[in-house]
Structure formats: structure tokens, C-alpha cells
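What follows is the content of work.cif, which has mmCIF, C-alpha atoms and all ligand atoms:
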data_upload
#
loop_
_atom_site.group_PDB
_atom_site.id
_atom_site.type_symbol
_atom_site.label_atom_id
_atom_site.label_comp_id
_atom_site.auth_asym_id
_atom_site.auth_seq_id
_atom_site.Cartn_x
_atom_site.Cartn_y
_atom_site.Cartn_z
ATOM 1 C CA MET A 256 0.000 0.000 0.000
ATOM 2 C CA LYS A 257 1.304 3.429 -0.929
ATOM 3 C CA LYS A 258 2.090 5.968 1.798
ATOM 4 C CA LYS A 259 -0.790 8.239 0.666
ATOM 5 C CA GLU A 260 -3.297 5.360 0.705
ATOM 6 C CA LYS A 261 -2.126 4.304 4.161
ATOM 7 C CA ARG A 262 -2.688 7.815 5.503
ATOM 8 C CA GLY A 263 -6.148 7.920 3.907
ATOM 9 C CA LEU A 264 -7.120 4.597 5.505
ATOM 10 C CA ARG A 265 -5.797 5.762 8.894
ATOM 11 C CA ASN A 266 -7.863 8.960 8.644
ATOM 12 C CA LEU A 267 -10.976 6.995 7.741
ATOM 13 C CA ILE A 268 -10.496 4.677 10.749
ATOM 14 C CA MET A 269 -9.994 7.724 13.014
ATOM 15 C CA ILE A 270 -13.197 9.346 11.700
ATOM 16 C CA ILE A 271 -15.217 6.148 12.191
ATOM 17 C CA LEU A 272 -13.755 5.726 15.700
ATOM 18 C CA ALA A 273 -14.603 9.347 16.590
ATOM 19 C CA LEU A 274 -18.176 8.899 15.300
ATOM 20 C CA VAL A 275 -18.591 5.690 17.319
ATOM 21 C CA ILE A 276 -17.330 7.459 20.469
ATOM 22 C CA ILE A 277 -19.602 10.494 19.890
ATOM 23 C CA LEU A 278 -22.618 8.236 19.263
ATOM 24 C CA GLY A 279 -21.753 6.206 22.381
ATOM 25 C CA VAL A 280 -21.603 9.337 24.539
ATOM 26 C CA CYS A 281 -24.912 10.578 23.038
ATOM 27 C CA TYR A 282 -26.482 7.168 23.671
ATOM 28 C CA ILE A 283 -25.441 7.149 27.326
ATOM 29 C CA ASP A 284 -26.589 10.761 27.749
ATOM 30 C CA SER A 285 -29.902 9.974 26.028
ATOM 31 C CA ASN A 286 -30.652 7.256 28.529
ATOM 32 C CA ARG A 287 -29.165 8.721 31.713
ATOM 33 C CA ARG A 288 -29.583 12.526 31.809
ATOM 34 C CA LEU A 289 -33.002 13.478 33.092
ATOM 35 C CA THR A 290 -34.635 16.577 31.687
ATOM 36 C CA VAL A 291 -37.640 18.532 32.918
ATOM 37 C CA THR A 292 -40.157 20.071 30.491
ATOM 38 C CA GLU A 293 -42.598 22.591 31.897
ATOM 39 C CA TYR A 294 -45.881 23.369 30.113
ATOM 40 C CA ASP A 295 -48.199 26.220 31.039
ATOM 41 C CA VAL A 296 -51.838 25.221 30.582
ATOM 42 C CA TYR A 297 -54.472 27.976 30.496
ATOM 43 C CA SER A 298 -58.213 27.595 30.853
ATOM 44 C CA ASP A 299 -61.017 29.907 31.840
ATOM 45 C CA ARG A 300 -62.815 26.777 33.098
ATOM 46 C CA LEU A 301 -60.232 26.331 35.823
ATOM 47 C CA PRO A 302 -61.145 27.840 39.222
ATOM 48 C CA GLU A 303 -58.999 30.733 40.465
ATOM 49 C CA ALA A 304 -57.774 28.673 43.445
ATOM 50 C CA PHE A 305 -55.966 26.321 41.005
ATOM 51 C CA GLU A 306 -53.814 29.139 39.586
ATOM 52 C CA GLY A 307 -50.242 27.814 39.607
ATOM 53 C CA PHE A 308 -51.300 24.214 40.473
ATOM 54 C CA ARG A 309 -48.353 21.985 39.573
ATOM 55 C CA ILE A 310 -48.662 18.427 38.271
ATOM 56 C CA VAL A 311 -45.476 16.419 37.875
ATOM 57 C CA GLN A 312 -46.004 13.669 35.312
ATOM 58 C CA LEU A 313 -43.846 10.559 35.147
ATOM 59 C CA SER A 314 -44.467 8.220 32.244
ATOM 60 C CA ASP A 315 -42.968 4.999 30.934
ATOM 61 C CA LEU A 316 -40.376 4.450 33.641
ATOM 62 C CA HIS A 317 -40.083 0.757 32.742
ATOM 63 C CA GLY A 318 -38.163 0.151 35.963
ATOM 64 C CA ALA A 319 -35.571 2.872 35.250
ATOM 65 C CA VAL A 320 -33.242 3.839 38.085
ATOM 66 C CA PHE A 321 -31.372 7.139 38.338
ATOM 67 C CA GLY A 322 -28.828 7.065 41.137
ATOM 68 C CA GLU A 323 -28.836 5.018 44.334
ATOM 69 C CA GLY A 324 -32.470 4.465 45.359
ATOM 70 C CA ASN A 325 -33.588 6.609 42.395
ATOM 71 C CA GLU A 326 -32.430 9.654 44.363
ATOM 72 C CA LYS A 327 -31.561 11.681 41.211
ATOM 73 C CA LEU A 328 -35.076 11.190 39.916
ATOM 74 C CA LEU A 329 -36.596 12.047 43.297
ATOM 75 C CA ASP A 330 -34.430 15.190 43.575
ATOM 76 C CA LYS A 331 -35.722 16.471 40.235
ATOM 77 C CA ILE A 332 -39.304 15.794 41.286
ATOM 78 C CA ARG A 333 -38.833 17.553 44.643
ATOM 79 C CA ALA A 334 -37.312 20.555 42.858
ATOM 80 C CA ALA A 335 -40.406 20.765 40.627
ATOM 81 C CA GLU A 336 -42.555 21.303 43.784
ATOM 82 C CA PRO A 337 -45.555 19.247 42.667
ATOM 83 C CA ASP A 338 -49.030 19.587 44.157
ATOM 84 C CA ILE A 339 -49.682 16.093 42.812
ATOM 85 C CA ILE A 340 -47.648 13.453 40.964
ATOM 86 C CA ALA A 341 -49.300 11.720 38.007
ATOM 87 C CA VAL A 342 -47.807 8.431 36.815
ATOM 88 C CA THR A 343 -49.195 7.599 33.381
ATOM 89 C CA GLY A 344 -48.372 3.941 33.006
ATOM 90 C CA ASP A 345 -45.550 1.542 32.196
ATOM 91 C CA MET A 346 -43.827 2.239 35.515
ATOM 92 C CA PHE A 347 -42.942 -1.447 35.544
ATOM 93 C CA ASP A 348 -42.972 -4.250 33.020
ATOM 94 C CA GLU A 349 -42.032 -7.881 32.516
ATOM 95 C CA ASN A 350 -38.326 -7.089 33.057
ATOM 96 C CA THR A 351 -38.721 -5.069 36.261
ATOM 97 C CA ASP A 352 -37.904 -6.297 39.786
ATOM 98 C CA GLU A 353 -41.011 -6.989 41.846
ATOM 99 C CA GLY A 354 -40.250 -4.454 44.587
ATOM 100 C CA TYR A 355 -39.472 -1.555 42.230
ATOM 101 C CA ALA A 356 -42.936 -0.021 41.813
ATOM 102 C CA PRO A 357 -44.066 -0.165 45.468
ATOM 103 C CA GLU A 358 -40.679 1.110 46.724
ATOM 104 C CA LEU A 359 -40.554 4.027 44.296
ATOM 105 C CA THR A 360 -44.231 4.775 44.923
ATOM 106 C CA ALA A 361 -43.591 5.052 48.674
ATOM 107 C CA ARG A 362 -40.802 7.571 48.032
ATOM 108 C CA LEU A 363 -42.975 9.571 45.607
ATOM 109 C CA CYS A 364 -45.780 9.674 48.175
ATOM 110 C CA GLU A 365 -43.386 11.412 50.608
ATOM 111 C CA ILE A 366 -43.237 14.295 48.100
ATOM 112 C CA ALA A 367 -46.893 14.684 47.033
ATOM 113 C CA PRO A 368 -50.086 12.659 46.502
ATOM 114 C CA VAL A 369 -49.509 10.073 43.761
ATOM 115 C CA TYR A 370 -52.092 9.058 41.140
ATOM 116 C CA TYR A 371 -51.400 6.126 38.841
ATOM 117 C CA VAL A 372 -52.889 4.663 35.677
ATOM 118 C CA SER A 373 -51.821 1.472 33.959
ATOM 119 C CA GLY A 374 -49.946 1.293 30.664
ATOM 120 C CA ASN A 375 -49.938 -1.482 28.116
ATOM 121 C CA HIS A 376 -46.893 -3.231 29.595
ATOM 122 C CA GLU A 377 -48.314 -3.855 33.085
ATOM 123 C CA TRP A 378 -50.947 -6.107 31.540
ATOM 124 C CA VAL A 379 -48.351 -8.362 29.940
ATOM 125 C CA ILE A 380 -47.837 -9.674 33.462
ATOM 126 C CA ASN A 381 -50.594 -9.867 36.078
ATOM 127 C CA PRO A 382 -50.291 -6.429 37.686
ATOM 128 C CA ARG A 383 -52.994 -6.714 40.348
ATOM 129 C CA ASN A 384 -50.713 -7.616 43.271
ATOM 130 C CA THR A 385 -48.331 -4.809 42.331
ATOM 131 C CA PHE A 386 -51.249 -2.363 42.135
ATOM 132 C CA LYS A 387 -52.280 -3.495 45.636
ATOM 133 C CA ALA A 388 -48.742 -2.982 46.934
ATOM 134 C CA MET A 389 -48.647 0.474 45.348
ATOM 135 C CA GLU A 390 -51.962 1.355 46.989
ATOM 136 C CA ALA A 391 -50.535 0.120 50.307
ATOM 137 C CA ALA A 392 -47.545 2.399 49.694
ATOM 138 C CA GLY A 393 -49.933 5.341 49.435
ATOM 139 C CA ALA A 394 -50.756 5.811 45.728
ATOM 140 C CA LYS A 395 -54.216 6.027 44.249
ATOM 141 C CA VAL A 396 -54.344 3.543 41.368
ATOM 142 C CA MET A 397 -57.088 4.958 39.153
ATOM 143 C CA ARG A 398 -58.893 2.240 37.254
ATOM 144 C CA ASN A 399 -61.511 4.056 35.189
ATOM 145 C CA GLU A 400 -62.456 6.204 38.129
ATOM 146 C CA TYR A 401 -62.200 9.785 39.281
ATOM 147 C CA GLU A 402 -62.027 11.936 42.330
ATOM 148 C CA THR A 403 -62.409 15.569 43.255
ATOM 149 C CA LEU A 404 -59.375 17.759 43.800
ATOM 150 C CA THR A 405 -60.131 20.578 46.217
ATOM 151 C CA VAL A 406 -58.074 23.742 46.644
ATOM 152 C CA GLU A 407 -59.355 26.430 49.009
ATOM 153 C CA GLY A 408 -62.896 25.104 48.638
ATOM 154 C CA GLU A 409 -62.810 25.131 44.818
ATOM 155 C CA THR A 410 -62.840 21.902 42.842
ATOM 156 C CA ALA A 411 -61.606 20.131 39.705
ATOM 157 C CA VAL A 412 -61.868 16.488 38.646
ATOM 158 C CA LEU A 413 -58.898 14.156 38.381
ATOM 159 C CA ALA A 414 -59.680 10.972 36.447
ATOM 160 C CA GLY A 415 -57.669 7.963 35.337
ATOM 161 C CA ALA A 416 -58.358 5.502 32.517
ATOM 162 C CA ASP A 417 -56.988 1.969 32.431
ATOM 163 C CA ASP A 418 -54.973 1.035 29.356
ATOM 164 C CA PRO A 419 -57.007 -0.897 26.739
ATOM 165 C CA ASN A 420 -54.704 -3.893 27.334
ATOM 166 C CA GLY A 421 -56.596 -4.225 30.655
ATOM 167 C CA PRO A 422 -59.751 -6.289 31.245
ATOM 168 C CA TYR A 423 -61.894 -6.810 28.142
ATOM 169 C CA ASP A 424 -65.102 -5.784 29.882
ATOM 170 C CA MET A 425 -63.795 -2.706 31.644
ATOM 171 C CA LYS A 426 -65.557 0.637 31.620
ATOM 172 C CA THR A 427 -65.012 2.586 28.383
ATOM 173 C CA LYS A 428 -63.573 6.088 28.250
ATOM 174 C CA ASP A 429 -66.964 7.391 27.058
ATOM 175 C CA GLU A 430 -68.652 5.789 30.066
ATOM 176 C CA LEU A 431 -66.051 7.190 32.469
ATOM 177 C CA VAL A 432 -66.416 10.759 31.186
ATOM 178 C CA GLY A 433 -70.213 10.308 30.989
ATOM 179 C CA GLU A 434 -70.264 9.479 34.706
ATOM 180 C CA ILE A 435 -68.192 12.562 35.504
ATOM 181 C CA LYS A 436 -70.316 14.873 33.342
ATOM 182 C CA ALA A 437 -73.509 13.530 34.921
ATOM 183 C CA GLU A 438 -72.213 14.661 38.299
ATOM 184 C CA THR A 439 -70.303 17.872 37.619
ATOM 185 C CA ASP A 440 -69.203 20.373 34.990
ATOM 186 C CA ASP A 441 -65.841 20.873 36.719
ATOM 187 C CA TYR A 442 -62.549 21.119 34.819
ATOM 188 C CA ILE A 443 -61.403 17.545 34.033
ATOM 189 C CA ILE A 444 -57.785 16.364 34.190
ATOM 190 C CA MET A 445 -57.487 12.909 32.608
ATOM 191 C CA LEU A 446 -54.564 10.514 33.084
ATOM 192 C CA SER A 447 -54.381 7.973 30.286
ATOM 193 C CA HIS A 448 -51.380 6.054 29.000
ATOM 194 C CA ARG A 449 -51.883 6.171 25.245
ATOM 195 C CA ASN A 450 -51.192 9.155 23.064
ATOM 196 C CA THR A 451 -53.637 8.335 20.288
ATOM 197 C CA ASP A 452 -56.989 9.496 21.695
ATOM 198 C CA LEU A 453 -56.953 13.279 21.242
ATOM 199 C CA ASP A 454 -60.045 13.208 18.979
ATOM 200 C CA LEU A 455 -61.961 11.116 21.499
ATOM 201 C CA TRP A 456 -61.010 13.250 24.519
ATOM 202 C CA ALA A 457 -61.891 16.410 22.578
ATOM 203 C CA SER A 458 -65.289 15.003 21.582
ATOM 204 C CA LEU A 459 -65.969 14.099 25.225
ATOM 205 C CA GLY A 460 -65.050 17.581 26.478
ATOM 206 C CA VAL A 461 -62.091 16.583 28.673
ATOM 207 C CA ASP A 462 -60.031 19.693 29.478
ATOM 208 C CA LEU A 463 -56.519 18.317 30.002
ATOM 209 C CA VAL A 464 -55.048 14.894 29.179
ATOM 210 C CA LEU A 465 -51.653 13.656 30.358
ATOM 211 C CA CYS A 466 -50.275 10.663 28.501
ATOM 212 C CA GLY A 467 -47.104 8.967 27.239
ATOM 213 C CA HIS A 468 -46.608 5.569 25.565
ATOM 214 C CA ALA A 469 -44.746 6.756 22.419
ATOM 215 C CA HIS A 470 -41.365 7.355 24.124
ATOM 216 C CA GLY A 471 -41.044 10.387 21.816
ATOM 217 C CA GLY A 472 -40.355 8.074 18.910
ATOM 218 C CA PHE A 473 -37.392 6.426 20.715
ATOM 219 C CA ILE A 474 -34.685 7.789 18.360
ATOM 220 C CA ARG A 475 -35.039 11.500 17.639
ATOM 221 C CA LEU A 476 -33.274 13.123 14.705
ATOM 222 C CA PRO A 477 -32.854 16.875 14.220
ATOM 223 C CA PHE A 478 -35.546 18.372 11.916
ATOM 224 C CA VAL A 479 -37.233 14.940 11.679
ATOM 225 C CA GLY A 480 -38.237 14.126 15.264
ATOM 226 C CA GLY A 481 -38.948 10.610 16.558
ATOM 227 C CA ILE A 482 -38.481 7.934 13.924
ATOM 228 C CA LEU A 483 -39.850 4.779 15.606
ATOM 229 C CA ARG A 484 -43.545 4.415 16.264
ATOM 230 C CA HIS A 485 -46.063 1.912 17.542
ATOM 231 C CA ARG A 486 -48.353 0.577 14.830
ATOM 232 C CA GLU A 487 -51.355 2.641 15.909
ATOM 233 C CA GLU A 488 -49.359 5.875 15.909
ATOM 234 C CA TRP A 489 -48.988 6.293 12.138
ATOM 235 C CA ASP A 490 -52.422 7.944 12.030
ATOM 236 C CA HIS A 491 -51.681 9.931 15.207
ATOM 237 C CA PRO A 492 -48.447 11.944 15.021
ATOM 238 C CA THR A 493 -48.968 13.043 18.627
ATOM 239 C CA ILE A 494 -45.807 11.342 19.904
ATOM 240 C CA GLU A 495 -44.428 14.120 22.123
ATOM 241 C CA GLY A 496 -45.274 17.652 23.149
ATOM 242 C CA VAL A 497 -48.518 19.507 23.581
ATOM 243 C CA PHE A 498 -51.558 19.315 21.307
ATOM 244 C CA GLU A 499 -54.878 21.106 21.299
ATOM 245 C CA LYS A 500 -58.252 20.311 19.794
ATOM 246 C CA ASP A 501 -61.613 21.996 20.470
ATOM 247 C CA GLY A 502 -60.456 23.254 23.869
ATOM 248 C CA THR A 503 -58.866 19.953 24.920
ATOM 249 C CA VAL A 504 -55.146 20.130 25.734
ATOM 250 C CA MET A 505 -53.160 16.886 25.517
ATOM 251 C CA ILE A 506 -49.606 16.673 26.828
ATOM 252 C CA VAL A 507 -47.587 13.701 25.578
ATOM 253 C CA SER A 508 -44.496 12.883 27.625
ATOM 254 C CA ARG A 509 -41.442 11.413 25.910
ATOM 255 C CA GLY A 510 -41.237 9.121 28.930
ATOM 256 C CA ILE A 511 -38.300 8.184 31.109
ATOM 257 C CA GLY A 512 -37.238 4.590 30.524
ATOM 258 C CA SER A 513 -37.222 1.969 27.809
ATOM 259 C CA SER A 514 -39.094 -1.251 27.234
ATOM 260 C CA GLY A 515 -37.086 -4.380 26.637
ATOM 261 C CA LYS A 516 -33.741 -5.306 28.123
ATOM 262 C CA MET A 517 -31.811 -2.798 26.026
ATOM 263 C CA ALA A 518 -32.206 0.944 26.635
ATOM 264 C CA LEU A 519 -33.535 2.301 23.354
ATOM 265 C CA ARG A 520 -33.328 6.078 23.419
ATOM 266 C CA LEU A 521 -31.099 8.231 21.234
ATOM 267 C CA PHE A 522 -31.070 12.042 21.132
ATOM 268 C CA ASN A 523 -34.115 11.658 23.361
ATOM 269 C CA ASN A 524 -33.381 12.323 27.025
ATOM 270 C CA PRO A 525 -35.647 10.915 29.735
ATOM 271 C CA GLU A 526 -38.329 13.517 30.390
ATOM 272 C CA ILE A 527 -40.170 14.590 33.512
ATOM 273 C CA VAL A 528 -43.165 16.731 32.566
ATOM 274 C CA VAL A 529 -44.459 19.529 34.759
ATOM 275 C CA ALA A 530 -47.903 20.885 33.857
ATOM 276 C CA VAL A 531 -48.554 24.250 35.487
ATOM 277 C CA LEU A 532 -52.231 25.186 35.463
ATOM 278 C CA HIS A 533 -53.453 28.746 35.024
ATOM 279 C CA ALA A 534 -56.968 30.030 35.574
ATOM 280 C CA GLY A 535 -58.056 32.164 32.603
ATOM 281 C CA GLU A 536 -57.000 32.771 29.020
ATOM 282 C CA LYS A 537 -53.324 33.118 28.089
HETATM 283 FE FE FE B 601 -43.722 2.548 27.578
#

Kindly present the structure from the file in C-alpha cells form.
Ligand SMILES: [Fe+2]
Amino acid sequence: MKKKEKRGLRNLIMIILALVIILGVCYIDSNRRLTVTEYDVYSDRLPEAFEGFRIVQLSDLHGAVFGEGNEKLLDKIRAAEPDIIAVTGDMFDENTDEGYAPELTARLCEIAPVYYVSGNHEWVINPRNTFKAMEAAGAKVMRNEYETLTVEGETAVLAGADDPNGPYDMKTKDELVGEIKAETDDYIIMLSHRNTDLDLWASLGVDLVLCGHAHGGFIRLPFVGGILRHREEWDHPTIEGVFEKDGTVMIVSRGIGSSGKMALRLFNNPEIVVAVLHAGEK
């Protein structure tokens, strides 16, 4: 091989090596460095007493751990000063240690009241005992039910829908919202794992929906966004961010962890969402 060719080959190897190292660093960062995204949500249907009400949303943890005892995650949540913590499914899955969800739930409950809805992955295993343990740890596991949030005597509704992977004969979303509407016209905050129901929630008159499921498209490229999607998401490009339809606001978290044994996030840092509610128009 000529001297010039040798140098060219060496340069090529160096470039490939540098790219591999850069990608490796990005990959580690994309799976380890927690970010916080804050959304301001305005509505003239929200009572004045809820001005500044802070909801921390955790989605799609999939058993993820950040620091000893998840302390890095808990620190970020504490710093966000939540009034409530909403966990929108896939906190654990078939690869997660049994004690993970109840232990983390207990720590979250020390910070603020915790409300939980199931994701698709919980139903791959039988989640009922884990739900019980999470309830014993202090969380409210919301299985197509709702309750009233009260601040200084004023009220809003917090509801939670089970993932459709749950029991075949469970209450539908229409039935759940119908029950709420029959009782009150209060502002409705809905926790629901999947990101594909904006049209339905808008038609039902739900005010705010917090969901996840899409993991932001797993691998996110500049100018393109998330490139991997679940089958049902091709018709619903609502894979991360905030969306609005007919007065319904839907926030889609990019999630925190990854399903499967391998962490599959690239250029897509784990995301804690903070929804800050405001009474009145923007
Ligand atoms: Fe997930």
C-alpha cells in the first residue's frame, strides 16, 4: 500500500472511531440525563384557586433507576414542587424487579399525593398484586375512576383511565367521562397512558389529558423528530409535546425509561413533565 493510501485509511479509521465514540456518549446521555419540560396550561374553566397548580407527570419508567435508590429522579421531582404526581403507566414491566414499583411509589408519596394509571406493559404480566402494593404504599391507582381535587374550597376532577390492554369488559372512556359529566361540569384532568386518543377526549369535552406511551419516537433526529412508532401511531403523530383540539389540551411525555432489556433512546433524554395550570385565558 502506498504511503498516501495508508494515511487515507488511517484517517478513515480515526473518523469512524470518533463517530462511534460520539454516538456512544450521546447514547449514554440519552438514557441517563433526566430533563424537565414545563408546560403552562391555560383555561377559563379552571377555578382561580388552582392558579399555579403543579402536576409532575412521570411516564414509561419501565423500571428505570437514576442514582442510588432513584435519588436523582426524586431530587428532580422535589425541585419541581408538585401539588400532585401523576404516573401515566408503564412504571414497571415484565423485566422489572417486583419491589421496584411499590418502593418508588412510597418515596414519591413522601413528596406529594400520587395518582397512577396502567400502561400497556403492566398487563403483559398480572399487575394486580403490584397495584395493591402500590396502593398500600400510598398511591391512588385509578382504574376508570375519578375523584375531586379541592383547593381552598374550589374543585376540579382528576380521572384515570386503564390502558385498553386491561380487562376486556372494563368501563369505556366514554362511560367514564359520561359518569363525571352527569355529576359535575368541573374542569377535568385525565390521566391515560396512550397518546392516540386526542379526537376522542376532545369530543368528550375533557379539558386536560396527560399521557405517554410513544417514548417520543425512541430515536429522535434533528428536523425529523422521533423515527420509531407503535403501529397505531402512524395515524396519530402526537408522539411528544402539547396538542390542542376543540379546547382539549393533551400533553404527551417522551417518557423516562425503555421497554425491553436494552435501553432504546437516542437524542431523546428521559423527560419529567411539569404541567402548570393557570386560571383564565393566556
Ligand atoms: Fe412505555

Could you make a table, as JSON lines, of the residues of chain A that have an atom within 7 Å of an atom of ligand FE 601 (chain B), each with its nearest atom pair and distance in Å to one decimal, counting all atoms listed in the file, in chain and number order?
{"residue": "A:Asp315", "atom": "CA", "partner": "B:FE601", "partner_atom": "FE", "distance": 4.2}
{"residue": "A:His317", "atom": "CA", "partner": "B:FE601", "partner_atom": "FE", "distance": 6.6}
{"residue": "A:Asp345", "atom": "CA", "partner": "B:FE601", "partner_atom": "FE", "distance": 5.1}
{"residue": "A:His376", "atom": "CA", "partner": "B:FE601", "partner_atom": "FE", "distance": 6.9}
{"residue": "A:His468", "atom": "CA", "partner": "B:FE601", "partner_atom": "FE", "distance": 4.6}
{"residue": "A:Ala469", "atom": "CA", "partner": "B:FE601", "partner_atom": "FE", "distance": 6.7}
{"residue": "A:His470", "atom": "CA", "partner": "B:FE601", "partner_atom": "FE", "distance": 6.4}
{"residue": "A:Ser513", "atom": "CA", "partner": "B:FE601", "partner_atom": "FE", "distance": 6.5}
{"residue": "A:Ser514", "atom": "CA", "partner": "B:FE601", "partner_atom": "FE", "distance": 6.0}

Saved selection, atoms kept: C-alpha atoms, as a compact mmCIF listing (two decimals), in the frame of the given file:
# COMPACT_ATOMS: atom_id res chain seq x y z
CA ASP A 315 -42.97 5.00 30.93
CA HIS A 317 -40.08 0.76 32.74
CA ASP A 345 -45.55 1.54 32.20
CA HIS A 376 -46.89 -3.23 29.60
CA HIS A 468 -46.61 5.57 25.56
CA ALA A 469 -44.75 6.76 22.42
CA HIS A 470 -41.36 7.36 24.12
CA SER A 513 -37.22 1.97 27.81
CA SER A 514 -39.09 -1.25 27.23

Once the PyMOL selection byres (((chain A and resi 305-307) around 10) and not hetatm) is applied to the coordinates I shared, what remains selected? I want it as a short mmCIF file (atom, residue, chain, number, x, y, z; two decimals) with C-alpha atoms, in the frame of the given file.
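selection.cif was written with the following content:
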data_model
loop_
_atom_site.label_atom_id
_atom_site.label_comp_id
_atom_site.auth_asym_id
_atom_site.auth_seq_id
_atom_site.Cartn_x
_atom_site.Cartn_y
_atom_site.Cartn_z
CA ASP A 295 -48.20 26.22 31.04
CA VAL A 296 -51.84 25.22 30.58
CA TYR A 297 -54.47 27.98 30.50
CA SER A 298 -58.21 27.60 30.85
CA LEU A 301 -60.23 26.33 35.82
CA PRO A 302 -61.14 27.84 39.22
CA GLU A 303 -59.00 30.73 40.47
CA ALA A 304 -57.77 28.67 43.44
CA PHE A 308 -51.30 24.21 40.47
CA ARG A 309 -48.35 21.98 39.57
CA ILE A 310 -48.66 18.43 38.27
CA ASP A 338 -49.03 19.59 44.16
CA LEU A 404 -59.38 17.76 43.80
CA THR A 405 -60.13 20.58 46.22
CA VAL A 406 -58.07 23.74 46.64
CA GLU A 407 -59.36 26.43 49.01
CA GLU A 409 -62.81 25.13 44.82
CA THR A 410 -62.84 21.90 42.84
CA ALA A 411 -61.61 20.13 39.70
CA ALA A 530 -47.90 20.88 33.86
CA VAL A 531 -48.55 24.25 35.49
CA LEU A 532 -52.23 25.19 35.46
CA HIS A 533 -53.45 28.75 35.02
CA ALA A 534 -56.97 30.03 35.57
CA GLY A 535 -58.06 32.16 32.60
#

Item to check | Residues returned when the PyMOL selection byres (((chain A and resi 418) around 10) and not hetatm) runs on this file, as a PyMOL selection string | outcome: chain A and resi 343-345+372-378+398-399+415-417+419-422+425+447-449

What would the file look like if the residues just selected were written as a PDB file, in the frame of the given file with C-alpha atoms?
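File produced: selection.pdb:
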ATOM      1  CA  THR A 343     -49.195   7.599  33.381  1.00  0.00           C
ATOM      2  CA  GLY A 344     -48.372   3.941  33.006  1.00  0.00           C
ATOM      3  CA  ASP A 345     -45.550   1.542  32.196  1.00  0.00           C
ATOM      4  CA  VAL A 372     -52.889   4.663  35.677  1.00  0.00           C
ATOM      5  CA  SER A 373     -51.821   1.472  33.959  1.00  0.00           C
ATOM      6  CA  GLY A 374     -49.946   1.293  30.664  1.00  0.00           C
ATOM      7  CA  ASN A 375     -49.938  -1.482  28.116  1.00  0.00           C
ATOM      8  CA  HIS A 376     -46.893  -3.231  29.595  1.00  0.00           C
ATOM      9  CA  GLU A 377     -48.314  -3.855  33.085  1.00  0.00           C
ATOM     10  CA  TRP A 378     -50.947  -6.107  31.540  1.00  0.00           C
ATOM     11  CA  ARG A 398     -58.893   2.240  37.254  1.00  0.00           C
ATOM     12  CA  ASN A 399     -61.511   4.056  35.189  1.00  0.00           C
ATOM     13  CA  GLY A 415     -57.669   7.963  35.337  1.00  0.00           C
ATOM     14  CA  ALA A 416     -58.358   5.502  32.517  1.00  0.00           C
ATOM     15  CA  ASP A 417     -56.988   1.969  32.431  1.00  0.00           C
ATOM     16  CA  PRO A 419     -57.007  -0.897  26.739  1.00  0.00           C
ATOM     17  CA  ASN A 420     -54.704  -3.893  27.334  1.00  0.00           C
ATOM     18  CA  GLY A 421     -56.596  -4.225  30.655  1.00  0.00           C
ATOM     19  CA  PRO A 422     -59.751  -6.289  31.245  1.00  0.00           C
ATOM     20  CA  MET A 425     -63.795  -2.706  31.644  1.00  0.00           C
ATOM     21  CA  SER A 447     -54.381   7.973  30.286  1.00  0.00           C
ATOM     22  CA  HIS A 448     -51.380   6.054  29.000  1.00  0.00           C
ATOM     23  CA  ARG A 449     -51.883   6.171  25.245  1.00  0.00           C
TER      24      ARG A 449
END

Checklist entry - Smallest atom-to-atom distance to Asp490 (chain A): which of A:Lys516, A:Cys466, A:Thr451, A:Val507, using only C-alpha atoms? => result A:Thr451

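For the set A:Glu400, A:Glu526, A:Gly460, A:Glu353, the residue with the smallest atom-to-atom gap to Ile332 (chain A) is A:Glu526, counting only C-alpha atoms.
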
Item to check | Output of the PyMOL selection byres (((chain A and resi 333) around 10) and not hetatm), listed as a ChimeraX atom specification | outcome: /A:311,327-332,334-337,363,365-367

Item to check | Residue among A:Ala414, A:Val369, A:Leu359, A:Thr292 lying closest to Glu495 (chain A), counting only C-alpha atoms | outcome: A:Thr292

Next on the checklist: To one decimal place in Å, what is the distance between CA of Ala319 (chain A) and CA of Gly515 (chain A)?
Outcome noted: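 For CA of Ala319 (chain A) relative to CA of Gly515 (chain A), the distance reads 11.4 Å.
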
Next on the checklist: I need every residue sitting at most 8 Å from the point (-56.7, 14.8, 30.6) (coordinates as in the file, only C-alpha atoms considered), written as a count of residues only.
Outcome noted: 16

Checklist outcome for this item: Judged by all atoms listed in the file, the minimum distance to Thr403 (chain A) among A:Glu390, A:Glu438, A:Asp424, A:Glu430 is found for A:Glu438

Taking all atoms of region 271-283 of chain A that the file lists and extending 4 Å past them on each side, where is the centre of the axis-aligned box and how long are its edges? Answer in Å to one decimal, as JSON.
{"center_x": -20.1, "center_y": 8.1, "center_z": 19.8, "size_x": 20.7, "size_y": 12.9, "size_z": 23.1}

Item to check | Nearest-residue call for Gly481 (chain A), choices A:Arg300, A:Lys537, A:Lys500, A:Arg520, using all atoms listed in the file | outcome: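 Counting all atoms listed in the file, the residue closest to Gly481 (chain A) is A:Arg520.
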
Checklist entry - Of the residues A:Asn350, A:Thr290, A:Asn384, A:Thr493, which is the one nearest to Gly318 (chain A), using only C-alpha atoms? => result A:Asn350
